[in-house]
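Notes for the one structure printed next.
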Amino acid sequence: MPLPFLTADRAFDTADDLPLPFDDRDRWRRPYRIGPWRVGVAALVLLLASYVLFAAVAIALTGSRSEAGVVLGIAALVIVSALRLLRVGVWVSAHGLRHVSFFRTRTVRWEQVVALRTVQQPVRWLGLPRTVQGQALTLVRRNRSNDSGSPLLTTHNADFLARAGAFDRAADSVEVWSDEYRRH
């Protein structure tokens, strides 16, 4: 089963002359590759889910179907959490910019975007309360001085930790999408 959200389209790596090298721009896509920290944590969570599923089978074989159902529900919740973790990030299309966090998804139409800025500021390290100095891609919306939520991308999140060049390419890609569609 293909999982298109695990990798970004390879066109960003090969087509340097075209700012938006896609035929289907209406499809939501992540303009960067998912980070190894995010993939690693999701893999560990899915490994945990496999043990929980095995426990559900063992409980079902011992005769307690209701308890097995509860454990199976926990396993399903763990699997859904791992898949949601893989979807976290910034997605773009011709319709706008979508910021997907673990519990919430915000979509902003390109007409509402005034600017996307890369700023030097304290950022959260891997989403934990600890902050370090880093860069963040922030969104400035029409009729608001700054978006009230968290930064879209940071140099210290699970996608870009120890990959400053990847952060720069991702921020540039999102800014190119913004520039292209704010003109229309």
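In the structure tokens, chains take letters A, B, ... by order of appearance, with residues numbered from 1 within each chain and ligands from 1 in the order shown.
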Note to self: For Val78 (chain A), find every residue with an atom within 8 Å (counting only C-alpha atoms), except residues of its own chain fewer than 5 positions away, and show them as a PyMOL selection string.
What the structure shows: chain A and resi 45-46+48-49
Output as a tab-separated table one row per residue of region 9-103 of chain A within 10 Å of region 124-139 of chain A: the closest atom pair and its distance in Å to one decimal place, counting only C-alpha atoms, sorted by chain and residue number ascending.
residue	atom	partner	partner_atom	distance
A:Trp37	CA	A:Leu126	CA	8.7
A:Arg38	CA	A:Leu126	CA	9.3
A:Leu97	CA	A:Leu139	CA	9.8
Preceding selection exported with N, CA, C and O atoms as a short mmCIF file (atom, residue, chain, number, x, y, z; two decimals), in the first residue's frame:
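Done, and the output landed in result-v6.cif:
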data_model
loop_
_atom_site.label_atom_id
_atom_site.label_comp_id
_atom_site.auth_asym_id
_atom_site.auth_seq_id
_atom_site.Cartn_x
_atom_site.Cartn_y
_atom_site.Cartn_z
N TRP A 37 13.74 11.88 12.47
CA TRP A 37 13.26 11.78 13.85
C TRP A 37 11.78 11.42 13.87
O TRP A 37 11.36 10.59 14.68
N ARG A 38 11.01 12.03 13.01
CA ARG A 38 9.58 11.75 12.95
C ARG A 38 9.32 10.31 12.52
O ARG A 38 8.48 9.60 13.07
N LEU A 97 -2.38 27.12 2.32
CA LEU A 97 -1.37 26.50 3.16
C LEU A 97 -2.07 25.80 4.31
O LEU A 97 -2.99 26.36 4.92
#
Check: Within 7 Å of region 23-36 of chain A, counting only C-alpha atoms, which residues qualify if same-chain residues fewer than 5 places away don't, as a PyMOL selection string?
Finding: chain A and resi 6-8+90-95+158-160+170+173-174
Serialized selection, N, CA, C and O atoms, as a CSV table (one decimal), in the first residue's frame:
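selection-v5.csv, written as the output of this step:
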chain,number,residue,atom,x,y,z
A,6,LEU,N,4.7,9.9,3.3
A,6,LEU,CA,6.0,9.7,3.9
A,6,LEU,C,7.2,10.4,3.2
A,6,LEU,O,8.2,10.7,3.8
A,7,THR,N,7.0,10.7,1.9
A,7,THR,CA,8.1,11.4,1.2
A,7,THR,C,7.5,12.5,0.4
A,7,THR,O,6.3,12.5,0.0
A,8,ALA,N,8.2,13.5,0.2
A,8,ALA,CA,7.8,14.6,-0.6
A,8,ALA,C,8.0,14.3,-2.1
A,8,ALA,O,8.8,13.3,-2.4
A,90,VAL,N,3.7,21.0,7.3
A,90,VAL,CA,3.1,22.0,6.4
A,90,VAL,C,2.8,21.4,5.1
A,90,VAL,O,3.7,20.7,4.5
A,91,TRP,N,1.6,21.6,4.6
A,91,TRP,CA,1.2,21.1,3.3
A,91,TRP,C,0.7,22.3,2.5
A,91,TRP,O,0.1,23.2,3.0
A,92,VAL,N,1.0,22.2,1.2
A,92,VAL,CA,0.6,23.3,0.3
A,92,VAL,C,-0.2,22.8,-0.9
A,92,VAL,O,0.0,21.6,-1.3
A,93,SER,N,-1.0,23.7,-1.5
A,93,SER,CA,-1.7,23.4,-2.7
A,93,SER,C,-2.1,24.7,-3.3
A,93,SER,O,-1.8,25.8,-2.8
A,94,ALA,N,-2.8,24.7,-4.4
A,94,ALA,CA,-3.2,25.9,-5.1
A,94,ALA,C,-4.3,26.6,-4.2
A,94,ALA,O,-4.5,27.8,-4.4
A,95,HIS,N,-4.9,25.9,-3.3
A,95,HIS,CA,-5.9,26.4,-2.4
A,95,HIS,C,-5.4,27.2,-1.2
A,95,HIS,O,-6.1,28.1,-0.8
A,158,ALA,N,11.0,17.8,14.5
A,158,ALA,CA,11.3,16.4,14.2
A,158,ALA,C,11.7,16.2,12.7
A,158,ALA,O,12.3,15.2,12.3
A,159,ASP,N,11.3,17.2,11.9
A,159,ASP,CA,11.7,17.1,10.4
A,159,ASP,C,13.0,17.7,10.1
A,159,ASP,O,13.7,17.3,9.1
A,160,PHE,N,13.5,18.7,10.9
A,160,PHE,CA,14.7,19.4,10.5
A,160,PHE,C,15.8,19.4,11.5
A,160,PHE,O,16.8,20.2,11.4
A,170,ALA,N,13.1,23.8,2.5
A,170,ALA,CA,11.6,23.7,2.8
A,170,ALA,C,11.0,25.1,3.0
A,170,ALA,O,9.9,25.3,2.4
A,173,SER,N,10.7,26.6,-0.4
A,173,SER,CA,9.6,26.0,-1.2
A,173,SER,C,8.3,26.6,-0.8
A,173,SER,O,7.5,26.9,-1.6
A,174,VAL,N,8.0,26.7,0.5
A,174,VAL,CA,6.7,27.2,1.0
A,174,VAL,C,6.6,28.7,0.6
A,174,VAL,O,5.5,29.1,0.1
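Proximity of A:Pro151, A:Gly63, A:Phe54, A:Val123 to His99 (chain A), computed with only C-alpha atoms, is greatest for A:Pro151.
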Margin query: Let's see if you can do this: from backbone DSSP, list all strand (DSSP E or B) residues in region 40-181 of chain A, as a ChimeraX atom specification.
Written below: /A:89-92,96-100,105-109,113-124,131-141,153-154
Just-selected residues, N, CA and C atoms written as a CSV table (one decimal), in the first residue's frame:
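What landed in selection.csv:
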chain,number,residue,atom,x,y,z
A,89,GLY,N,2.9,18.5,9.9
A,89,GLY,CA,3.8,19.4,9.1
A,89,GLY,C,3.1,20.4,8.3
A,90,VAL,N,3.7,21.0,7.3
A,90,VAL,CA,3.1,22.0,6.4
A,90,VAL,C,2.8,21.4,5.1
A,91,TRP,N,1.6,21.6,4.6
A,91,TRP,CA,1.2,21.1,3.3
A,91,TRP,C,0.7,22.3,2.5
A,92,VAL,N,1.0,22.2,1.2
A,92,VAL,CA,0.6,23.3,0.3
A,92,VAL,C,-0.2,22.8,-0.9
A,96,GLY,N,-4.2,26.8,-0.8
A,96,GLY,CA,-3.7,27.5,0.4
A,96,GLY,C,-2.6,26.8,1.1
A,97,LEU,N,-2.4,27.1,2.3
A,97,LEU,CA,-1.4,26.5,3.2
A,97,LEU,C,-2.1,25.8,4.3
A,98,ARG,N,-1.7,24.6,4.6
A,98,ARG,CA,-2.3,23.8,5.7
A,98,ARG,C,-1.2,23.4,6.7
A,99,HIS,N,-1.4,23.8,7.9
A,99,HIS,CA,-0.5,23.5,9.0
A,99,HIS,C,-1.2,22.4,9.8
A,100,VAL,N,-0.6,21.2,9.8
A,100,VAL,CA,-1.1,20.0,10.5
A,100,VAL,C,-0.3,19.8,11.7
A,105,THR,N,-5.7,20.9,12.7
A,105,THR,CA,-5.3,21.3,11.4
A,105,THR,C,-5.9,22.6,11.1
A,106,ARG,N,-5.0,23.6,10.6
A,106,ARG,CA,-5.4,24.9,10.2
A,106,ARG,C,-5.1,25.1,8.8
A,107,THR,N,-6.1,25.6,8.0
A,107,THR,CA,-5.9,25.9,6.6
A,107,THR,C,-6.1,27.4,6.4
A,108,VAL,N,-5.1,28.0,5.7
A,108,VAL,CA,-5.2,29.4,5.4
A,108,VAL,C,-5.2,29.5,3.9
A,109,ARG,N,-6.1,30.2,3.3
A,109,ARG,CA,-6.2,30.5,1.9
A,109,ARG,C,-5.1,31.4,1.5
A,113,VAL,N,-2.8,35.2,3.2
A,113,VAL,CA,-1.4,35.3,3.5
A,113,VAL,C,-0.8,36.6,3.1
A,114,VAL,N,-0.3,37.4,4.0
A,114,VAL,CA,0.4,38.6,3.7
A,114,VAL,C,1.9,38.3,3.4
A,115,ALA,N,2.5,37.5,4.3
A,115,ALA,CA,3.9,37.2,4.2
A,115,ALA,C,4.3,35.9,4.9
A,116,LEU,N,5.3,35.2,4.5
A,116,LEU,CA,5.9,34.2,5.2
A,116,LEU,C,7.3,34.6,5.5
A,117,ARG,N,7.7,34.5,6.7
A,117,ARG,CA,9.1,35.1,7.1
A,117,ARG,C,9.9,34.0,7.9
A,118,THR,N,11.1,34.0,7.6
A,118,THR,CA,12.0,33.1,8.3
A,118,THR,C,12.7,34.0,9.3
A,119,VAL,N,12.5,33.8,10.6
A,119,VAL,CA,13.0,34.6,11.7
A,119,VAL,C,13.9,33.8,12.7
A,120,GLN,N,14.8,34.5,13.3
A,120,GLN,CA,15.7,33.9,14.3
A,120,GLN,C,14.9,34.1,15.6
A,121,GLN,N,14.7,33.1,16.4
A,121,GLN,CA,13.9,33.2,17.6
A,121,GLN,C,14.1,31.9,18.4
A,122,PRO,N,13.8,31.9,19.7
A,122,PRO,CA,13.8,30.7,20.5
A,122,PRO,C,12.7,29.8,20.0
A,123,VAL,N,13.1,28.5,19.7
A,123,VAL,CA,12.1,27.5,19.2
A,123,VAL,C,12.2,26.3,20.1
A,124,ARG,N,11.1,25.6,20.1
A,124,ARG,CA,11.0,24.4,20.9
A,124,ARG,C,11.8,23.2,20.3
A,131,THR,N,13.5,25.2,25.1
A,131,THR,CA,13.7,26.1,23.9
A,131,THR,C,15.1,26.3,23.7
A,132,VAL,N,15.5,26.4,22.4
A,132,VAL,CA,16.8,26.7,22.0
A,132,VAL,C,16.7,27.8,20.9
A,133,GLN,N,17.9,28.4,20.6
A,133,GLN,CA,17.9,29.4,19.6
A,133,GLN,C,17.9,28.8,18.2
A,134,GLY,N,17.0,29.2,17.4
A,134,GLY,CA,16.9,28.6,16.0
A,134,GLY,C,16.1,29.5,15.1
A,135,GLN,N,15.8,28.9,13.9
A,135,GLN,CA,15.1,29.7,13.0
A,135,GLN,C,13.6,29.1,12.9
A,136,ALA,N,12.7,29.9,12.5
A,136,ALA,CA,11.3,29.5,12.4
A,136,ALA,C,10.7,30.2,11.2
A,137,LEU,N,9.9,29.4,10.5
A,137,LEU,CA,9.1,30.0,9.4
A,137,LEU,C,7.7,30.4,10.0
A,138,THR,N,7.5,31.7,9.9
A,138,THR,CA,6.2,32.2,10.5
A,138,THR,C,5.3,32.8,9.5
A,139,LEU,N,4.0,32.7,9.8
A,139,LEU,CA,3.0,33.2,8.8
A,139,LEU,C,2.4,34.5,9.3
A,140,VAL,N,2.3,35.5,8.4
A,140,VAL,CA,1.6,36.7,8.8
A,140,VAL,C,0.4,36.7,7.9
A,141,ARG,N,-0.8,36.8,8.6
A,141,ARG,CA,-2.1,36.8,7.9
A,141,ARG,C,-2.7,38.2,7.8
A,153,LEU,N,7.3,26.0,10.6
A,153,LEU,CA,8.5,25.1,10.6
A,153,LEU,C,9.5,25.7,11.5
A,154,THR,N,10.3,24.8,12.1
A,154,THR,CA,11.5,25.3,12.9
A,154,THR,C,12.7,24.4,12.6
Note to self: As an exercise, work out the distance from CA of Val176 (chain A) to CA of Trp110 (chain A) in Å and give it to one decimal place.
What the structure shows: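 Atom-to-atom, CA of Val176 (chain A) and CA of Trp110 (chain A) are spaced 11.8 Å apart.
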Taking 6 positions as the minimum chain separation for residues in the same chain, which residues sit within 10 Å of Leu85 (chain A) when counting only C-alpha atoms? Answer as an mmCIF file with N, CA and C atoms, in the first residue's frame.
data_model
loop_
_atom_site.group_PDB
_atom_site.id
_atom_site.type_symbol
_atom_site.label_atom_id
_atom_site.label_comp_id
_atom_site.auth_asym_id
_atom_site.auth_seq_id
_atom_site.Cartn_x
_atom_site.Cartn_y
_atom_site.Cartn_z
ATOM 1 N N ARG A 38 11.013 12.029 13.008
ATOM 2 C CA ARG A 38 9.577 11.749 12.954
ATOM 3 C C ARG A 38 9.323 10.310 12.516
ATOM 4 N N VAL A 39 10.062 9.854 11.514
ATOM 5 C CA VAL A 39 9.902 8.485 11.023
ATOM 6 C C VAL A 39 10.326 7.484 12.096
ATOM 7 N N VAL A 41 10.351 7.847 15.423
ATOM 8 C CA VAL A 41 9.377 7.790 16.517
ATOM 9 C C VAL A 41 8.119 7.048 16.060
ATOM 10 N N ALA A 42 7.677 7.300 14.845
ATOM 11 C CA ALA A 42 6.492 6.598 14.335
ATOM 12 C C ALA A 42 6.762 5.098 14.219
ATOM 13 N N VAL A 45 6.516 3.647 17.668
ATOM 14 C CA VAL A 45 5.115 3.582 18.096
ATOM 15 C C VAL A 45 4.402 2.426 17.402
ATOM 16 N N ILE A 79 -2.002 2.961 16.606
ATOM 17 C CA ILE A 79 -1.718 2.988 15.166
ATOM 18 C C ILE A 79 -2.177 4.309 14.551
ATOM 19 N N VAL A 100 -0.595 21.205 9.778
ATOM 20 C CA VAL A 100 -1.139 20.049 10.471
ATOM 21 C C VAL A 100 -0.323 19.814 11.730
ATOM 22 N N SER A 101 -0.962 19.907 12.882
ATOM 23 C CA SER A 101 -0.319 19.529 14.135
ATOM 24 C C SER A 101 -0.961 18.226 14.599
ATOM 25 N N PHE A 102 -0.528 17.716 15.735
ATOM 26 C CA PHE A 102 -1.014 16.401 16.159
ATOM 27 C C PHE A 102 -2.512 16.400 16.434
ATOM 28 N N PHE A 103 -3.011 17.459 17.053
ATOM 29 C CA PHE A 103 -4.424 17.493 17.422
ATOM 30 C C PHE A 103 -5.280 18.411 16.558
#
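Within 7 Å of region 64-73 of chain A, once only C-alpha atoms are used and residues closer than 5 positions along the same chain are dropped, the contacting residues are Val52, Leu53, Ala56, Val57 and Ile59 of chain A.
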Notebook entry, point to check: What is the distance, in Å and to one decimal place, between CA of Ala43 (chain A) and CA of Asn157 (chain A)?
Noted result: 17.2 Å
Notebook entry, point to check: Hey, what does DSSP flag as helix (DSSP H, G or I) within region 27-95 of chain A? Can you give it to me as a ChimeraX atom specification?
Noted result: /A:36-61,65-87
